Each structure stands twice: as structure tokens, then as C-alpha cells.
Amino acid sequence: MPDSQPQPPDGATADTTALLLCGARLTDGRTVDVRLSGGRIEAVGTAGSLTPYYTRVDLSGYLLLPAPAEPHTHGDTALTADSPGPVSYDIEEVQRRATEAALLQLGHGATALRSHVRIGDVQGLGPLEAVLQARRSLRGLADLTAVAVPRLLTGVAGADGLAMLRDAVKMGAGIVGGCPDADPDPTGYAEAVLEVAAEHGCPVDLHTHGDDPARLGRLAAMAGGLRPGVVIGPCAGLARLPREAASRAADQLAAAGVTVVCVPQGGCGPVEHRGNAPVRLLRAAGVRVAAGSGALRDVSNPVGRGDPLEAAYLLASQGGMRARDAYGAVAGVAREAMGLPEVRVEAGFPAELLAVRGERISGVLSLAYSRIVIHRGRVVARTSAVREYCDSAAAVALELPRQGRPDPGP
């Protein structure tokens, strides 16, 4: 699948920023060429129909999809599961972890990421400063935004946290968040977050187990009508409530326009809070449900993969969602939850794309090995997998498909 650069005919000028994706398969079964320019999709036409003098990427055998987005990750604590001693929160070390984690997730296909960053305690605003530095270093490769997560916001102890939260927004945290469950006054905590968000016009993203229906009801009542919107997650505790109570809470969240981000690959909290939100119940009530990765190889989930396609796979295999809807939870719905523009493989839409070897979404979610990631109209990551078998008479006789390295010749 090499890139190539055909020469334009005499008198024609090639657009050096344009990219032509050739022979890509779409989810509706069509095989098309897609021309990208200026960070957007400029044209989509039948294979071979678009002007050839652009840098070309051969996508024969690949399914072309809107790129996933990652709405719930923890870059400040990522990749710390195997630390031999106490985890370092030195700014350079946190920046390195956050950058490496973002690049891992970019390789999986996520071109936009939302990282929840703890502030306060002895670290102060250091972890946030580090993640913001990582954001700057990743510019052009992926879009990274930070959620400021203070520990306490109520009472005497919470006064410092509230002041620090306001400072975090001034520093560049794009989202106001936190964990109301950890505060002695969860409702007061949520009120404080919503107040700061309203002051600065910021989105809200709260981390909650969701096992208290009355608390969820109060949060929904406070969040109703707030713009740019409220996201909560992972809400695994909602699945352990009696169905009637869970359904009533889901109806309240839907009426308030609250989005739930679940983390089917594993939690980002204590073991007793593991599990997944009741996705089918929430969707039936009209709640927008996106999926994120949660912890990435830290103490909460030492084997976290940070792979949006695996999250979609789990929603389909264990959550009972159709493959197309499961992929939507990590792509279109995730982008909507993050306030990002919609992506379709159509002219005029942002060139945020993921090509995966395969023919259908169900197959892609099962065996998504080879991937090509496009951000702002540019290939920013590739993963190529080759599967080889030893010579087998059975495979030859049955004409089974196989991939291998080309014969180098004599």
C-alpha cells in the first residue's frame, strides 16, 4: 500500500497539500476515491474518476470510516502500572506519559482525545501544565483537550480546590470536571462545577459511578439546558440498580440532554466500581451514549489498551449493540459529546478518517489489525500487520486467504 506521486500534465499545477485515497470501500458497499485538501474532504467519486495528480494512498482492501474520538482517558496517570516505586508527578515525566499515551491511542485511530487530569493536593496544577504541554507538542498529529478534575470543592477544605479549578480554566483546561462521589457533599460539588462552567462558558464532564438515582436526578435537574452541555461517566453503578430506578434515572438524564460515556474496556476506579453502564437501557430512554477507554495501563487497569475499536467490539459482543451503532459510540457520538464537528465520508466534511483492512464494520471490529489514521487531511499514523502461515497443503487446496510478504525474487 505505498504512496505515489504522479506528475501533473504539462501546464497543470499539483496541489502539494492534497491527498487522494484510492479504492477505499465505504460502509454502503461502494468503492470510491476520496480527495482531501485543506483539512477537509474535497470530493468523493467512483474509483478512478478523480484527478490523478495528487499524492495517492492505495486503500484497496480497506474500509474507510470517520475517525474515532476518545472522550475519557487519563493521560496524567497512563502507563504507570509497572512503575517500580511511587509514581512520579514531575512535570516532564507526566508530559512524557501523556504524550506517549496519546500517540498510542492515535495509532489506534483516535484523532481527538479528552484527558481527565487531577489537580490539587501536593501536585497542584503541575499535572495539568504537563498535559497542556503535551497538547502543544501533539499539534498537527492529534487534538488533545484537558478536563480539570479537583478532589474537593465544598466546605473549608474545598475552598482551595475551587480557586484552583478557576485557575485551571485560565491556564487552558477546556473542560470543567471532577468526581462528585469523592466529596462529602456530592450535590454541592456538582453545583460548584456547574457554576464555574457557566462563568467561563466551558463544557462539563463529571466522573460518577452512578449508583445513587436520587443524586443522578438532582444532577439532571441542575444540568438541564446548560450549554455547551454536560457529560457524565462511567456510570457502571447504574447497571446494579433495580431496573425501575435505573429506568427513571435514565429518563431524567435523557430529558436533561446529559450524555453518558461508558468505558467497556475496564474501569478507571476501584475494583468494586468495575463493570459497564446499562447501555441498552440508556439508549432506549433516549440518552446519548458514547464510549471511551478509561485507564490506560495504570493502577486502575494495568492492561488497558486505549483502543476505541475494542471498546466498540465489547459494546457489540457484550452490550448487544449492532456493530454500526457500536462504532458510532466511539466515533460520531463521541465526537458530539466532545463538541466536535460531525464527520462523514462526504465532500465538505472534516478529513478525520480511519482506514482499516476489512470489508464490513463487523469484521473490522473483530480483526482490526492494519490501520491508517488521517488527521486534518494528512496521514499521521499507520499500523501494518502481516500474518504468515507455514506451507500447508490444506490451505492451498482450500484456497484460503492469506497475507504474506512479497517474494523478494532471485
# chains A, B, ... in the order shown; residues from 1 in each chain; ligands from 1

call {"tool": "residues_around", "arguments": {"residues": "region 214-225 of chain A", "least_positions_apart": "6", "cutoff": "12 Å", "atoms": "only C-alpha atoms", "output": "PyMOL selection string"}}
result
chain A and resi 180-181+185-195+197-198+203-208+231-233+235+237-238+241+245-260+287

call {"tool": "write_last_selection", "arguments": {"atoms": "N, CA and C atoms", "output": "short mmCIF file (atom, residue, chain, number, x, y, z; two decimals), in the first residue's frame"}}
result
data_model
loop_
_atom_site.label_atom_id
_atom_site.label_comp_id
_atom_site.auth_asym_id
_atom_site.auth_seq_id
_atom_site.Cartn_x
_atom_site.Cartn_y
_atom_site.Cartn_z
N PRO A 180 -17.81 14.05 41.85
CA PRO A 180 -18.67 14.41 42.99
C PRO A 180 -18.73 13.33 44.05
N ASP A 181 -18.63 12.06 43.65
CA ASP A 181 -18.75 10.95 44.60
C ASP A 181 -17.69 11.02 45.69
N ASP A 185 -19.97 16.35 50.07
CA ASP A 185 -21.24 16.92 49.61
C ASP A 185 -21.30 16.82 48.09
N PRO A 186 -21.69 15.64 47.55
CA PRO A 186 -21.68 15.47 46.09
C PRO A 186 -22.53 16.48 45.34
N THR A 187 -23.69 16.83 45.90
CA THR A 187 -24.54 17.80 45.22
C THR A 187 -23.90 19.17 45.21
N GLY A 188 -23.30 19.56 46.33
CA GLY A 188 -22.60 20.84 46.38
C GLY A 188 -21.42 20.87 45.42
N TYR A 189 -20.74 19.75 45.29
CA TYR A 189 -19.61 19.66 44.36
C TYR A 189 -20.10 19.90 42.94
N ALA A 190 -21.17 19.21 42.55
CA ALA A 190 -21.71 19.37 41.20
C ALA A 190 -22.16 20.80 40.97
N GLU A 191 -22.79 21.40 41.96
CA GLU A 191 -23.22 22.80 41.82
C GLU A 191 -22.03 23.71 41.58
N ALA A 192 -20.92 23.47 42.31
CA ALA A 192 -19.73 24.30 42.15
C ALA A 192 -19.15 24.16 40.74
N VAL A 193 -19.09 22.93 40.24
CA VAL A 193 -18.57 22.70 38.89
C VAL A 193 -19.44 23.40 37.86
N LEU A 194 -20.76 23.26 37.99
CA LEU A 194 -21.66 23.89 37.03
C LEU A 194 -21.55 25.41 37.09
N GLU A 195 -21.32 25.95 38.27
CA GLU A 195 -21.18 27.40 38.42
C GLU A 195 -19.93 27.89 37.69
N ALA A 197 -18.35 26.38 35.29
CA ALA A 197 -18.54 26.17 33.85
C ALA A 197 -19.38 27.28 33.24
N ALA A 198 -20.43 27.69 33.96
CA ALA A 198 -21.28 28.77 33.46
C ALA A 198 -20.51 30.10 33.40
N PRO A 203 -17.65 23.37 28.72
CA PRO A 203 -18.39 22.12 28.89
C PRO A 203 -18.09 21.51 30.26
N VAL A 204 -18.95 20.59 30.67
CA VAL A 204 -18.81 19.89 31.96
C VAL A 204 -18.67 18.40 31.69
N ASP A 205 -17.73 17.75 32.38
CA ASP A 205 -17.54 16.30 32.25
C ASP A 205 -17.25 15.75 33.63
N LEU A 206 -18.24 15.09 34.22
CA LEU A 206 -18.14 14.61 35.60
C LEU A 206 -17.97 13.10 35.64
N HIS A 207 -17.09 12.66 36.53
CA HIS A 207 -16.84 11.24 36.74
C HIS A 207 -17.71 10.77 37.90
N THR A 208 -18.66 9.86 37.63
CA THR A 208 -19.52 9.36 38.69
C THR A 208 -19.82 7.88 38.47
N VAL A 231 -21.55 16.03 30.31
CA VAL A 231 -21.22 14.62 30.09
C VAL A 231 -20.92 14.01 31.43
N ILE A 232 -21.40 12.78 31.65
CA ILE A 232 -21.06 12.05 32.87
C ILE A 232 -20.62 10.64 32.47
N GLY A 233 -19.93 9.99 33.37
CA GLY A 233 -19.50 8.62 33.14
C GLY A 233 -18.58 8.18 34.27
N CYS A 235 -20.60 5.56 35.02
CA CYS A 235 -21.97 5.16 35.39
C CYS A 235 -22.18 3.66 35.42
N GLY A 237 -22.35 1.86 38.05
CA GLY A 237 -23.25 1.55 39.15
C GLY A 237 -24.71 1.59 38.77
N LEU A 238 -25.03 2.30 37.71
CA LEU A 238 -26.41 2.36 37.24
C LEU A 238 -26.91 0.99 36.85
N LEU A 241 -28.54 -1.02 39.84
CA LEU A 241 -29.78 -0.56 40.47
C LEU A 241 -30.96 -1.42 40.02
N ALA A 245 -35.68 1.83 39.07
CA ALA A 245 -34.91 3.01 39.49
C ALA A 245 -33.94 3.45 38.39
N ALA A 246 -33.29 2.47 37.75
CA ALA A 246 -32.36 2.81 36.68
C ALA A 246 -33.09 3.45 35.49
N SER A 247 -34.28 2.93 35.17
CA SER A 247 -35.05 3.49 34.05
C SER A 247 -35.48 4.92 34.34
N ARG A 248 -35.89 5.17 35.59
CA ARG A 248 -36.31 6.52 35.96
C ARG A 248 -35.13 7.49 35.86
N ALA A 249 -33.95 7.06 36.32
CA ALA A 249 -32.76 7.91 36.23
C ALA A 249 -32.39 8.16 34.77
N ALA A 250 -32.50 7.11 33.94
CA ALA A 250 -32.19 7.27 32.52
C ALA A 250 -33.13 8.27 31.86
N ASP A 251 -34.40 8.22 32.21
CA ASP A 251 -35.37 9.17 31.64
C ASP A 251 -35.00 10.60 32.03
N GLN A 252 -34.57 10.79 33.27
CA GLN A 252 -34.19 12.13 33.73
C GLN A 252 -32.95 12.64 33.00
N LEU A 253 -31.97 11.75 32.79
CA LEU A 253 -30.76 12.15 32.07
C LEU A 253 -31.09 12.50 30.62
N ALA A 254 -31.97 11.72 30.01
CA ALA A 254 -32.36 11.99 28.63
C ALA A 254 -33.07 13.33 28.52
N ALA A 255 -33.97 13.61 29.44
CA ALA A 255 -34.72 14.87 29.40
C ALA A 255 -33.80 16.07 29.57
N ALA A 256 -32.72 15.89 30.34
CA ALA A 256 -31.79 16.99 30.59
C ALA A 256 -30.73 17.12 29.49
N GLY A 257 -30.71 16.17 28.55
CA GLY A 257 -29.71 16.22 27.49
C GLY A 257 -28.31 15.85 27.92
N VAL A 258 -28.21 15.07 29.01
CA VAL A 258 -26.91 14.64 29.52
C VAL A 258 -26.41 13.43 28.72
N THR A 259 -25.16 13.48 28.30
CA THR A 259 -24.53 12.36 27.60
C THR A 259 -23.80 11.48 28.59
N VAL A 260 -23.89 10.17 28.42
CA VAL A 260 -23.17 9.21 29.26
C VAL A 260 -22.04 8.61 28.45
N VAL A 287 -30.99 8.45 25.87
CA VAL A 287 -29.73 9.05 26.31
C VAL A 287 -28.66 8.82 25.24
#

call {"tool": "residues_around", "arguments": {"residues": "Ile374 (chain A)", "least_positions_apart": "4", "cutoff": "6 Å", "atoms": "only C-alpha atoms", "output": "PyMOL selection string"}}
result
chain A and resi 352-353+378-380

call {"tool": "residues_around", "arguments": {"residues": "Val34 (chain A)", "least_positions_apart": "5", "cutoff": "7 Å", "atoms": "only C-alpha atoms", "output": "list of chain:residue names"}}
result
A:Leu20, A:Leu21, A:Cys22, A:Ala43, A:Val44, A:Gly45

call {"tool": "closest_residue", "arguments": {"among": "A:Gly174, A:Gly266, A:Gly377, A:Gly29", "to": "Leu296 (chain A)", "atoms": "only C-alpha atoms"}}
result
A:Gly266

call {"tool": "residues_around", "arguments": {"residues": "region 127-130 of chain A", "least_positions_apart": "6", "cutoff": "9 Å", "atoms": "only C-alpha atoms", "output": "short mmCIF file (atom, residue, chain, number, x, y, z; two decimals) with N, CA and C atoms, in the first residue's frame"}}
result
data_model
loop_
_atom_site.label_atom_id
_atom_site.label_comp_id
_atom_site.auth_asym_id
_atom_site.auth_seq_id
_atom_site.Cartn_x
_atom_site.Cartn_y
_atom_site.Cartn_z
N ASP A 76 -2.46 11.74 32.58
CA ASP A 76 -1.50 12.03 33.65
C ASP A 76 -1.08 10.78 34.41
N TYR A 89 5.22 12.55 39.59
CA TYR A 89 4.39 13.59 39.01
C TYR A 89 5.23 14.81 38.63
N ASP A 90 6.51 14.57 38.40
CA ASP A 90 7.36 15.61 37.82
C ASP A 90 6.76 16.02 36.48
N ILE A 91 6.77 17.32 36.19
CA ILE A 91 6.09 17.81 35.00
C ILE A 91 6.61 17.15 33.73
N GLU A 92 7.92 16.99 33.61
CA GLU A 92 8.47 16.37 32.40
C GLU A 92 8.03 14.92 32.28
N GLU A 93 7.96 14.22 33.41
CA GLU A 93 7.56 12.82 33.38
C GLU A 93 6.08 12.68 33.00
N VAL A 94 5.23 13.53 33.55
CA VAL A 94 3.80 13.49 33.21
C VAL A 94 3.61 13.84 31.74
N GLN A 95 4.35 14.82 31.26
CA GLN A 95 4.25 15.19 29.85
C GLN A 95 4.64 14.02 28.96
N ARG A 96 5.72 13.32 29.33
CA ARG A 96 6.14 12.16 28.54
C ARG A 96 5.06 11.09 28.51
N ALA A 98 1.79 11.43 29.10
CA ALA A 98 0.60 11.89 28.40
C ALA A 98 0.81 11.88 26.89
N VAL A 117 -7.61 15.20 34.08
CA VAL A 117 -6.36 15.45 34.79
C VAL A 117 -6.65 15.90 36.21
N ARG A 118 -6.10 15.18 37.17
CA ARG A 118 -6.31 15.53 38.58
C ARG A 118 -5.48 16.75 38.96
N ILE A 119 -6.11 17.67 39.67
CA ILE A 119 -5.41 18.86 40.17
C ILE A 119 -5.61 18.94 41.67
N ALA A 146 -7.94 19.00 27.81
CA ALA A 146 -7.79 18.60 29.21
C ALA A 146 -9.04 18.94 30.01
N VAL A 147 -9.42 18.00 30.88
CA VAL A 147 -10.50 18.20 31.84
C VAL A 147 -9.86 18.39 33.20
N ALA A 148 -10.13 19.53 33.85
CA ALA A 148 -9.59 19.78 35.19
C ALA A 148 -10.44 19.05 36.21
N ALA A 168 -7.23 26.68 36.78
CA ALA A 168 -7.02 25.67 35.74
C ALA A 168 -7.68 26.08 34.43
N MET A 171 -5.61 28.64 32.81
CA MET A 171 -4.39 28.06 32.24
C MET A 171 -4.64 27.44 30.87
N GLY A 172 -5.87 26.95 30.63
CA GLY A 172 -6.14 26.33 29.34
C GLY A 172 -6.91 25.04 29.40
N ALA A 173 -7.34 24.62 30.59
CA ALA A 173 -8.21 23.45 30.66
C ALA A 173 -9.51 23.78 29.93
#

call {"tool": "select_by_dssp", "arguments": {"residues": "region 111-321 of chain A", "states": "strand (DSSP E or B)", "output": "PyMOL selection string"}}
result
chain A and resi 112-120+124+143-150+175-178+204-208+230-234+259-262+289-291+294+298+301

call {"tool": "select_by_dssp", "arguments": {"residues": "region 29-142 of chain A", "states": "helix (DSSP H, G or I)", "output": "PyMOL selection string"}}
result
chain A and resi 91-108+121-123+126-137

call {"tool": "closest_residue", "arguments": {"among": "A:Asp183, A:Leu354, A:Arg136, A:Ala290", "to": "Arg376 (chain A)", "atoms": "only C-alpha atoms"}}
result
A:Leu354

call {"tool": "residues_around", "arguments": {"residues": "region 317-322 of chain A", "least_positions_apart": "5", "cutoff": "9 Å", "atoms": "only C-alpha atoms", "output": "ChimeraX atom specification"}}
result
/A:264,276,278-280,312,327,362

call {"tool": "closest_residue", "arguments": {"among": "A:Gly109, A:Pro150, A:Gly363, A:Gly126", "to": "Glu70 (chain A)", "atoms": "only C-alpha atoms"}}
result
A:Gly109

call {"tool": "atom_distance", "arguments": {"atom1": "CA of Val263 (chain A)", "atom2": "CA of Pro234 (chain A)"}}
result
5.9 Å

call {"tool": "atom_distance", "arguments": {"atom1": "CA of Arg305 (chain A)", "atom2": "CA of Ala284 (chain A)"}}
result
28.7 Å

call {"tool": "atom_distance", "arguments": {"atom1": "CA of Arg288 (chain A)", "atom2": "CA of Ala142 (chain A)"}}
result
24.3 Å

call {"tool": "residues_around", "arguments": {"residues": "Arg97 (chain A)", "least_positions_apart": "3", "cutoff": "9 Å", "atoms": "only C-alpha atoms", "output": "JSON, numbers by chain"}}
result
{"A": [75, 76, 77, 78, 79, 80, 92, 93, 94, 100, 101, 102, 131, 134]}
